[in-house]
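Asks: What follows is protein-v4.tsv, made up of TSV, C-alpha atoms and all ligand atoms:
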```
chain	number	residue	atom	x	y	z
A	210	MET	CA	-137.67	134.92	52.31
A	211	SER	CA	-141.40	134.62	51.96
A	212	GLU	CA	-141.98	138.22	50.98
A	213	THR	CA	-142.40	139.01	47.32
A	214	LEU	CA	-139.80	141.50	46.11
A	215	PRO	CA	-141.20	144.86	45.07
A	216	LEU	CA	-141.44	145.64	41.38
A	217	PHE	CA	-139.18	148.34	40.01
A	218	ARG	CA	-140.41	149.85	36.75
A	219	TYR	CA	-136.95	151.10	35.80
A	220	HIS	CA	-134.96	148.11	37.06
A	221	PRO	CA	-137.06	144.99	36.54
A	222	ASP	CA	-134.49	142.38	37.57
A	223	PRO	CA	-132.19	143.80	40.24
A	224	ILE	CA	-131.20	140.30	41.33
A	225	SER	CA	-129.68	139.28	38.01
A	226	SER	CA	-128.00	142.68	37.68
A	227	GLY	CA	-126.38	142.12	41.07
A	228	SER	CA	-127.95	145.14	42.78
A	229	LEU	CA	-129.79	143.02	45.33
A	230	GLU	CA	-128.19	140.20	47.24
A	231	PRO	CA	-129.57	137.63	49.65
A	232	SER	CA	-128.63	138.70	53.16
A	233	SER	CA	-129.52	137.90	56.72
A	234	GLY	CA	-128.62	141.46	57.72
A	235	ALA	CA	-131.06	144.04	59.00
A	236	CYS	CA	-132.16	146.96	56.86
A	237	ALA	CA	-130.78	150.31	58.07
A	238	CYS	CA	-134.17	151.88	57.43
A	239	CYS	CA	-136.92	149.50	58.63
A	240	GLY	CA	-134.61	147.53	60.93
A	241	ARG	CA	-135.93	144.23	59.69
A	242	ALA	CA	-133.98	141.31	58.19
A	243	ARG	CA	-136.14	140.58	55.18
A	244	GLY	CA	-133.76	138.38	53.19
A	245	TRP	CA	-132.47	140.92	50.67
A	246	LEU	CA	-130.26	143.99	50.82
A	247	TYR	CA	-129.34	146.53	48.17
A	248	THR	CA	-125.66	146.49	47.16
A	249	GLY	CA	-125.56	149.17	44.47
A	250	PRO	CA	-124.36	152.78	44.63
A	251	VAL	CA	-125.77	155.12	47.29
A	252	PHE	CA	-125.48	158.89	47.50
A	253	SER	CA	-125.72	160.05	51.08
A	254	ALA	CA	-124.47	162.89	53.26
A	255	ASP	CA	-123.82	160.24	55.91
A	256	GLU	CA	-120.90	158.03	54.92
A	257	GLN	CA	-121.86	155.59	57.66
A	258	HIS	CA	-125.25	154.81	56.14
A	259	GLY	CA	-126.01	151.10	56.29
A	260	SER	CA	-127.54	148.82	53.69
A	261	VAL	CA	-131.24	149.05	52.98
A	262	CYS	CA	-133.79	146.53	51.81
A	263	PRO	CA	-135.55	146.75	48.46
A	264	TRP	CA	-138.92	147.40	50.13
A	265	CYS	CA	-137.58	150.57	51.75
A	266	ILE	CA	-136.24	151.67	48.37
A	267	ALA	CA	-139.54	150.93	46.62
A	268	ASP	CA	-141.80	152.75	49.09
A	269	GLY	CA	-139.50	155.77	49.28
A	270	SER	CA	-138.73	155.42	52.99
A	271	ALA	CA	-134.97	154.94	52.47
A	272	HIS	CA	-134.97	158.29	50.72
A	273	ARG	CA	-137.43	160.02	53.05
A	274	ASP	CA	-136.06	158.75	56.36
A	275	LEU	CA	-132.34	158.35	55.61
A	276	GLY	CA	-131.91	160.85	52.78
A	277	LEU	CA	-130.46	158.23	50.47
A	278	GLU	CA	-130.36	158.67	46.73
A	279	PHE	CA	-129.40	155.88	44.38
A	280	ALA	CA	-128.41	157.82	41.28
A	281	ASP	CA	-127.27	161.31	40.33
A	282	PRO	CA	-130.34	163.24	39.08
A	283	ALA	CA	-128.27	164.69	36.21
A	284	GLY	CA	-127.28	161.17	35.21
A	285	VAL	CA	-130.89	160.42	34.29
A	286	GLY	CA	-130.65	161.35	30.62
A	287	GLY	CA	-126.90	160.88	30.64
A	288	TYR	CA	-125.89	164.45	31.57
A	289	GLY	CA	-127.59	165.84	28.49
A	290	LEU	CA	-126.70	163.03	26.10
A	291	TRP	CA	-130.30	161.75	25.97
A	292	PRO	CA	-133.61	163.64	26.18
A	293	SER	CA	-134.55	165.11	29.56
A	294	VAL	CA	-137.63	163.71	31.29
A	295	ALA	CA	-140.18	165.00	33.81
A	296	GLU	CA	-139.01	165.73	37.33
A	297	GLU	CA	-141.18	163.02	38.88
A	298	ILE	CA	-139.57	160.41	36.62
A	299	VAL	CA	-136.09	161.57	37.64
A	300	ALA	CA	-137.23	161.45	41.28
A	301	CYS	CA	-138.50	157.89	40.88
A	302	VAL	CA	-135.16	156.73	39.45
A	303	VAL	CA	-133.09	158.63	41.99
A	304	GLN	CA	-135.19	158.03	45.12
A	305	ARG	CA	-137.12	154.79	44.62
A	306	THR	CA	-135.16	152.63	42.18
A	307	PRO	CA	-132.12	150.44	42.89
A	308	CYS	CA	-129.24	151.55	40.70
A	309	PHE	CA	-126.58	149.36	39.08
A	310	SER	CA	-122.82	149.58	39.61
A	311	GLY	CA	-120.88	151.13	36.75
A	312	TRP	CA	-117.15	151.70	36.47
A	313	GLN	CA	-117.75	155.43	36.20
A	314	GLN	CA	-120.67	157.60	37.28
A	315	GLU	CA	-123.81	155.74	36.29
A	316	ARG	CA	-126.02	157.16	33.54
A	317	TRP	CA	-129.65	156.27	32.95
A	318	LEU	CA	-130.98	156.05	29.39
A	319	THR	CA	-134.12	158.02	28.56
A	320	CYS	CA	-136.35	157.40	25.54
A	321	CYS	CA	-139.89	158.33	24.48
A	322	GLY	CA	-140.24	160.82	27.34
A	323	GLU	CA	-139.42	158.44	30.13
A	324	ALA	CA	-136.51	156.69	31.82
A	325	ALA	CA	-135.80	153.30	30.23
A	326	ALA	CA	-135.60	150.03	32.14
A	327	PHE	CA	-132.09	148.88	33.01
A	328	ILE	CA	-131.64	145.32	31.76
A	329	GLY	CA	-128.03	144.64	32.63
A	330	ARG	CA	-124.36	144.80	31.80
A	331	ALA	CA	-123.30	143.43	28.45
A	332	GLY	CA	-120.14	142.19	26.77
A	333	GLN	CA	-119.77	141.58	23.06
A	334	ARG	CA	-121.75	138.35	23.17
A	335	GLU	CA	-124.71	139.84	25.04
A	336	LEU	CA	-124.65	142.97	22.91
A	337	LEU	CA	-124.65	141.03	19.64
A	338	ALA	CA	-127.59	139.01	20.94
A	339	HIS	CA	-129.61	142.24	21.27
A	340	GLY	CA	-129.18	143.05	17.59
A	341	SER	CA	-128.05	145.89	15.37
A	342	GLU	CA	-130.00	148.72	17.01
A	343	ALA	CA	-128.48	148.00	20.40
A	344	ILE	CA	-124.99	147.64	18.89
A	345	GLU	CA	-125.34	150.93	17.04
A	346	SER	CA	-126.49	152.70	20.20
A	347	ILE	CA	-123.39	151.59	22.09
A	348	ARG	CA	-121.13	152.40	19.11
A	349	ALA	CA	-122.61	155.87	18.64
A	350	GLU	CA	-122.19	156.72	22.32
A	351	SER	CA	-118.58	155.49	22.23
A	352	GLY	CA	-117.79	157.81	19.34
A	353	MET	CA	-115.75	155.08	17.68
A	354	SER	CA	-115.82	153.63	14.18
A	355	GLY	CA	-113.92	151.23	11.95
A	356	THR	CA	-111.26	149.03	13.46
A	357	ASP	CA	-111.22	151.05	16.71
A	358	TRP	CA	-114.84	150.12	17.24
A	359	ARG	CA	-114.32	146.48	16.22
A	360	ASP	CA	-111.47	146.12	18.71
A	361	TYR	CA	-113.50	147.85	21.42
A	362	LEU	CA	-116.56	145.70	20.71
A	363	ALA	CA	-114.44	142.56	20.97
A	364	ALA	CA	-113.09	143.74	24.32
A	365	LEU	CA	-116.51	144.46	25.87
A	366	ASP	CA	-117.04	142.15	28.81
A	367	ALA	CA	-120.19	141.87	30.94
A	368	ASP	CA	-118.10	141.17	34.04
A	369	GLY	CA	-115.00	143.15	33.17
A	370	SER	CA	-113.83	146.37	31.56
A	371	PRO	CA	-114.88	147.88	29.24
A	372	THR	CA	-118.49	146.95	29.71
A	373	ALA	CA	-121.77	148.11	28.19
A	374	TYR	CA	-124.93	149.01	30.13
A	375	LEU	CA	-128.16	148.18	28.36
A	376	PHE	CA	-131.65	149.59	28.83
A	377	ARG	CA	-134.95	148.87	27.11
A	378	CYS	CA	-137.39	151.66	26.37
A	379	LEU	CA	-140.72	151.01	28.09
A	380	HIS	CA	-142.57	152.52	25.11
A	381	CYS	CA	-140.83	151.76	21.80
A	382	GLY	CA	-138.91	148.73	23.05
A	383	ARG	CA	-135.60	149.96	21.69
A	384	VAL	CA	-132.51	148.62	23.46
A	385	GLY	CA	-129.63	151.04	23.92
A	386	GLY	CA	-127.27	152.52	26.44
A	387	TYR	CA	-123.63	153.30	26.87
A	388	SER	CA	-120.31	151.75	27.87
A	389	ASP	CA	-117.41	152.66	30.11
A	390	CYS	CA	-114.22	151.21	31.58
A	391	ASP	CA	-112.25	151.33	34.77
B	401	ZN	ZN	-136.10	148.12	54.92
B	402	ZN	ZN	-138.41	154.73	23.11
```
What do you get writing this file as structure tokens?
Replies:
Amino acid sequence: MSETLPLFRYHPDPISSGSLEPSSGACACCGRARGWLYTGPVFSADEQHGSVCPWCIADGSAHRDLGLEFADPAGVGGYGLWPSVAEEIVACVVQRTPCFSGWQQERWLTCCGEAAAFIGRAGQRELLAHGSEAIESIRAESGMSGTDWRDYLAALDADGSPTAYLFRCLHCGRVGGYSDCD
């Protein structure tokens, strides 16, 4: 594992988010065992597609050569919930960025004209640590208020269900996102 992992603008720490795992297996795209494989969601016409390495995600070859996509294009912007962004930004998220695993169809926060950076799953503790703006973002998206929201907030679990998915805007720094459950 001497190679330096590629940098992903929209997913800066795919190891801590669990989307990359150490592996001795060979990449289905470059054929090399480079120490890491992607374990997140993949959209592919071929259900037998194998695992790919982060380098083949980053340079676009996993998309170009195997036709893999890692997110639903309409999910970038949350299916209309958040502002739409330029096509090339959607393409970068969908084709060249490791996704994260959500309970339901993953959605990617947009803010200030760009996709935001995914920073991880969050339970109540993690969400409270990000402060009131982040909490309000998750509450607003949930549509809850009052005791319903307080009960839901208390139930949020970074490793369970329901869970929140947090992003940080690359421009204004705001932390927000959404939550779902199994
Ligand atoms: Zn590869
Ligand atoms: Zn912003």
Asks: Where does chain A meet ligand ZN 401 (chain B) within 7 Å, residue by residue, with the nearest atom pair and distance in Å to one decimal for each, counting only C-alpha atoms and all ligand atoms, listed by chain and rising number, as JSON lines?
Replies:
```
{"residue": "A:Cys236", "atom": "CA", "partner": "B:ZN401", "partner_atom": "ZN", "distance": 4.5}
{"residue": "A:Ala237", "atom": "CA", "partner": "B:ZN401", "partner_atom": "ZN", "distance": 6.6}
{"residue": "A:Cys238", "atom": "CA", "partner": "B:ZN401", "partner_atom": "ZN", "distance": 4.9}
{"residue": "A:Cys239", "atom": "CA", "partner": "B:ZN401", "partner_atom": "ZN", "distance": 4.0}
{"residue": "A:Gly240", "atom": "CA", "partner": "B:ZN401", "partner_atom": "ZN", "distance": 6.2}
{"residue": "A:Arg241", "atom": "CA", "partner": "B:ZN401", "partner_atom": "ZN", "distance": 6.2}
{"residue": "A:Val261", "atom": "CA", "partner": "B:ZN401", "partner_atom": "ZN", "distance": 5.3}
{"residue": "A:Cys262", "atom": "CA", "partner": "B:ZN401", "partner_atom": "ZN", "distance": 4.2}
{"residue": "A:Pro263", "atom": "CA", "partner": "B:ZN401", "partner_atom": "ZN", "distance": 6.6}
{"residue": "A:Trp264", "atom": "CA", "partner": "B:ZN401", "partner_atom": "ZN", "distance": 5.6}
{"residue": "A:Cys265", "atom": "CA", "partner": "B:ZN401", "partner_atom": "ZN", "distance": 4.3}
```
Asks: Would you mind reading off the distance between atom CA of Arg273 of chain A and atom CA of Pro231 of chain A, one decimal, in Å?
Replies: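 Answer for the atom CA of Arg273 of chain A to atom CA of Pro231 of chain A separation: 24.0 Å.
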Asks: Using only C-alpha atoms and all ligand atoms, which of A:Ala373, A:Val251, A:Ala338, A:Leu318 sits nearest ligand ZN 402 (chain B)?
Replies: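 Distance minimum relative to ligand ZN 402 (chain B) lands on A:Leu318.
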Asks: Counting all atoms listed in the file, which residues have an atom no more than 7 Å from (-109.7, 147.3, 34.4) in the file's coordinates? Please list them as a PDB file with C-alpha atoms, in the frame of the given file.
Replies:
```pdb
ATOM      1  CA  GLY A 369    -115.000 143.150  33.170  1.00  0.00           C
ATOM      2  CA  SER A 370    -113.830 146.370  31.560  1.00  0.00           C
ATOM      3  CA  CYS A 390    -114.220 151.210  31.580  1.00  0.00           C
ATOM      4  CA  ASP A 391    -112.250 151.330  34.770  1.00  0.00           C
TER       5      ASP A 391
END
```
Asks: Neighbourhood query: residues within 12 Å of (-121.7, 155.9, 20.2), file coordinates, counting only C-alpha atoms; return as a PyMOL selection string.
Replies: chain A and resi 290-291+342-354+358+361-362+373+385-389
Asks: Write the selection just made, keeping C-alpha atoms, as an mmCIF file, in the frame of the given file?
Replies:
```cif
data_model
loop_
_atom_site.group_PDB
_atom_site.id
_atom_site.type_symbol
_atom_site.label_atom_id
_atom_site.label_comp_id
_atom_site.auth_asym_id
_atom_site.auth_seq_id
_atom_site.Cartn_x
_atom_site.Cartn_y
_atom_site.Cartn_z
ATOM 1 C CA LEU A 290 -126.700 163.030 26.100
ATOM 2 C CA TRP A 291 -130.300 161.750 25.970
ATOM 3 C CA GLU A 342 -130.000 148.720 17.010
ATOM 4 C CA ALA A 343 -128.480 148.000 20.400
ATOM 5 C CA ILE A 344 -124.990 147.640 18.890
ATOM 6 C CA GLU A 345 -125.340 150.930 17.040
ATOM 7 C CA SER A 346 -126.490 152.700 20.200
ATOM 8 C CA ILE A 347 -123.390 151.590 22.090
ATOM 9 C CA ARG A 348 -121.130 152.400 19.110
ATOM 10 C CA ALA A 349 -122.610 155.870 18.640
ATOM 11 C CA GLU A 350 -122.190 156.720 22.320
ATOM 12 C CA SER A 351 -118.580 155.490 22.230
ATOM 13 C CA GLY A 352 -117.790 157.810 19.340
ATOM 14 C CA MET A 353 -115.750 155.080 17.680
ATOM 15 C CA SER A 354 -115.820 153.630 14.180
ATOM 16 C CA TRP A 358 -114.840 150.120 17.240
ATOM 17 C CA TYR A 361 -113.500 147.850 21.420
ATOM 18 C CA LEU A 362 -116.560 145.700 20.710
ATOM 19 C CA ALA A 373 -121.770 148.110 28.190
ATOM 20 C CA GLY A 385 -129.630 151.040 23.920
ATOM 21 C CA GLY A 386 -127.270 152.520 26.440
ATOM 22 C CA TYR A 387 -123.630 153.300 26.870
ATOM 23 C CA SER A 388 -120.310 151.750 27.870
ATOM 24 C CA ASP A 389 -117.410 152.660 30.110
#
```
Asks: Would you mind listing, for every residue of chain A within 9 Å of ligand ZN 402 (chain B), the two atoms forming the shortest contact and the distance between them in Å to one decimal, using all atoms listed in the file, sorted by chain and ascending residue number, as a Markdown table?
Replies:
```
| residue | atom | partner | partner_atom | distance |
| --- | --- | --- | --- | --- |
| A:Thr319 | CA | B:ZN402 | ZN | 7.7 |
| A:Cys320 | CA | B:ZN402 | ZN | 4.2 |
| A:Cys321 | CA | B:ZN402 | ZN | 4.1 |
| A:Gly322 | CA | B:ZN402 | ZN | 7.6 |
| A:Glu323 | CA | B:ZN402 | ZN | 8.0 |
| A:Ala325 | CA | B:ZN402 | ZN | 7.7 |
| A:Arg377 | CA | B:ZN402 | ZN | 7.9 |
| A:Cys378 | CA | B:ZN402 | ZN | 4.6 |
| A:Leu379 | CA | B:ZN402 | ZN | 6.6 |
| A:His380 | CA | B:ZN402 | ZN | 5.1 |
| A:Cys381 | CA | B:ZN402 | ZN | 4.0 |
| A:Gly382 | CA | B:ZN402 | ZN | 6.0 |
| A:Arg383 | CA | B:ZN402 | ZN | 5.7 |
| A:Val384 | CA | B:ZN402 | ZN | 8.5 |
```
Asks: Could you check the closest approach to Ala300 of chain A for each of A:Leu336, A:Tyr288, A:Asp281, A:Ala326 and tell me which residue wins, using only C-alpha atoms?
Replies: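 For Ala300 of chain A, the nearest of the candidates is A:Asp281.
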Asks: Please compute the atom CA of Ser341 of chain A-atom CA of Arg218 of chain A distance, one decimal, in Å.
Replies: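 The value is 25.0 Å.
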Asks: Considering all atoms listed in the file, can you say which of A:Gly259, A:Ala324, A:Asp357, A:Glu335 comes closest to Ala295 of chain A?
Replies: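 Once distances to Ala295 of chain A are computed over all atoms listed in the file, the minimum belongs to A:Ala324.
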Asks: Return the padded bounding box of segment 211-223 of chain A as AutoDock Vina command-line options: axis-aligned, built from all atoms listed in the file, 8 Å added on each side, with centre and edge lengths in Å to one decimal.
Replies:
```
--center_x -137.3 --center_y 142.9 --center_z 43.9 --size_x 26.2 --size_y 32.5 --size_z 32.2
```
Asks: Return the single residue from A:Pro307, A:Glu296, A:Ala280, A:Pro221 that is closest to Leu246 of chain A, with distances computed using only C-alpha atoms.
Replies: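 For Leu246 of chain A, the nearest of the candidates is A:Pro307.
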Asks: Of the candidates A:Gly249, A:Gly234, A:Pro371, A:Gly269, which shows the shortest atom-to-atom distance to Gln333 of chain A, using only C-alpha atoms?
Replies: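 When distances to Gln333 of chain A are compared using only C-alpha atoms, the smallest one comes from A:Pro371.
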Asks: For Gly244 of chain A, which of A:Ser226, A:Glu212, A:Ala283, A:His272 is the closest residue, counting all atoms listed in the file?
Replies: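 So, comparing all the options, the nearest one is A:Glu212.
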Asks: Suppose you want the space between atom CA of Val294 of chain A and atom CA of Gln314 of chain A; what is it in Å?
Replies: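 Those two atoms sit 19.0 Å apart.
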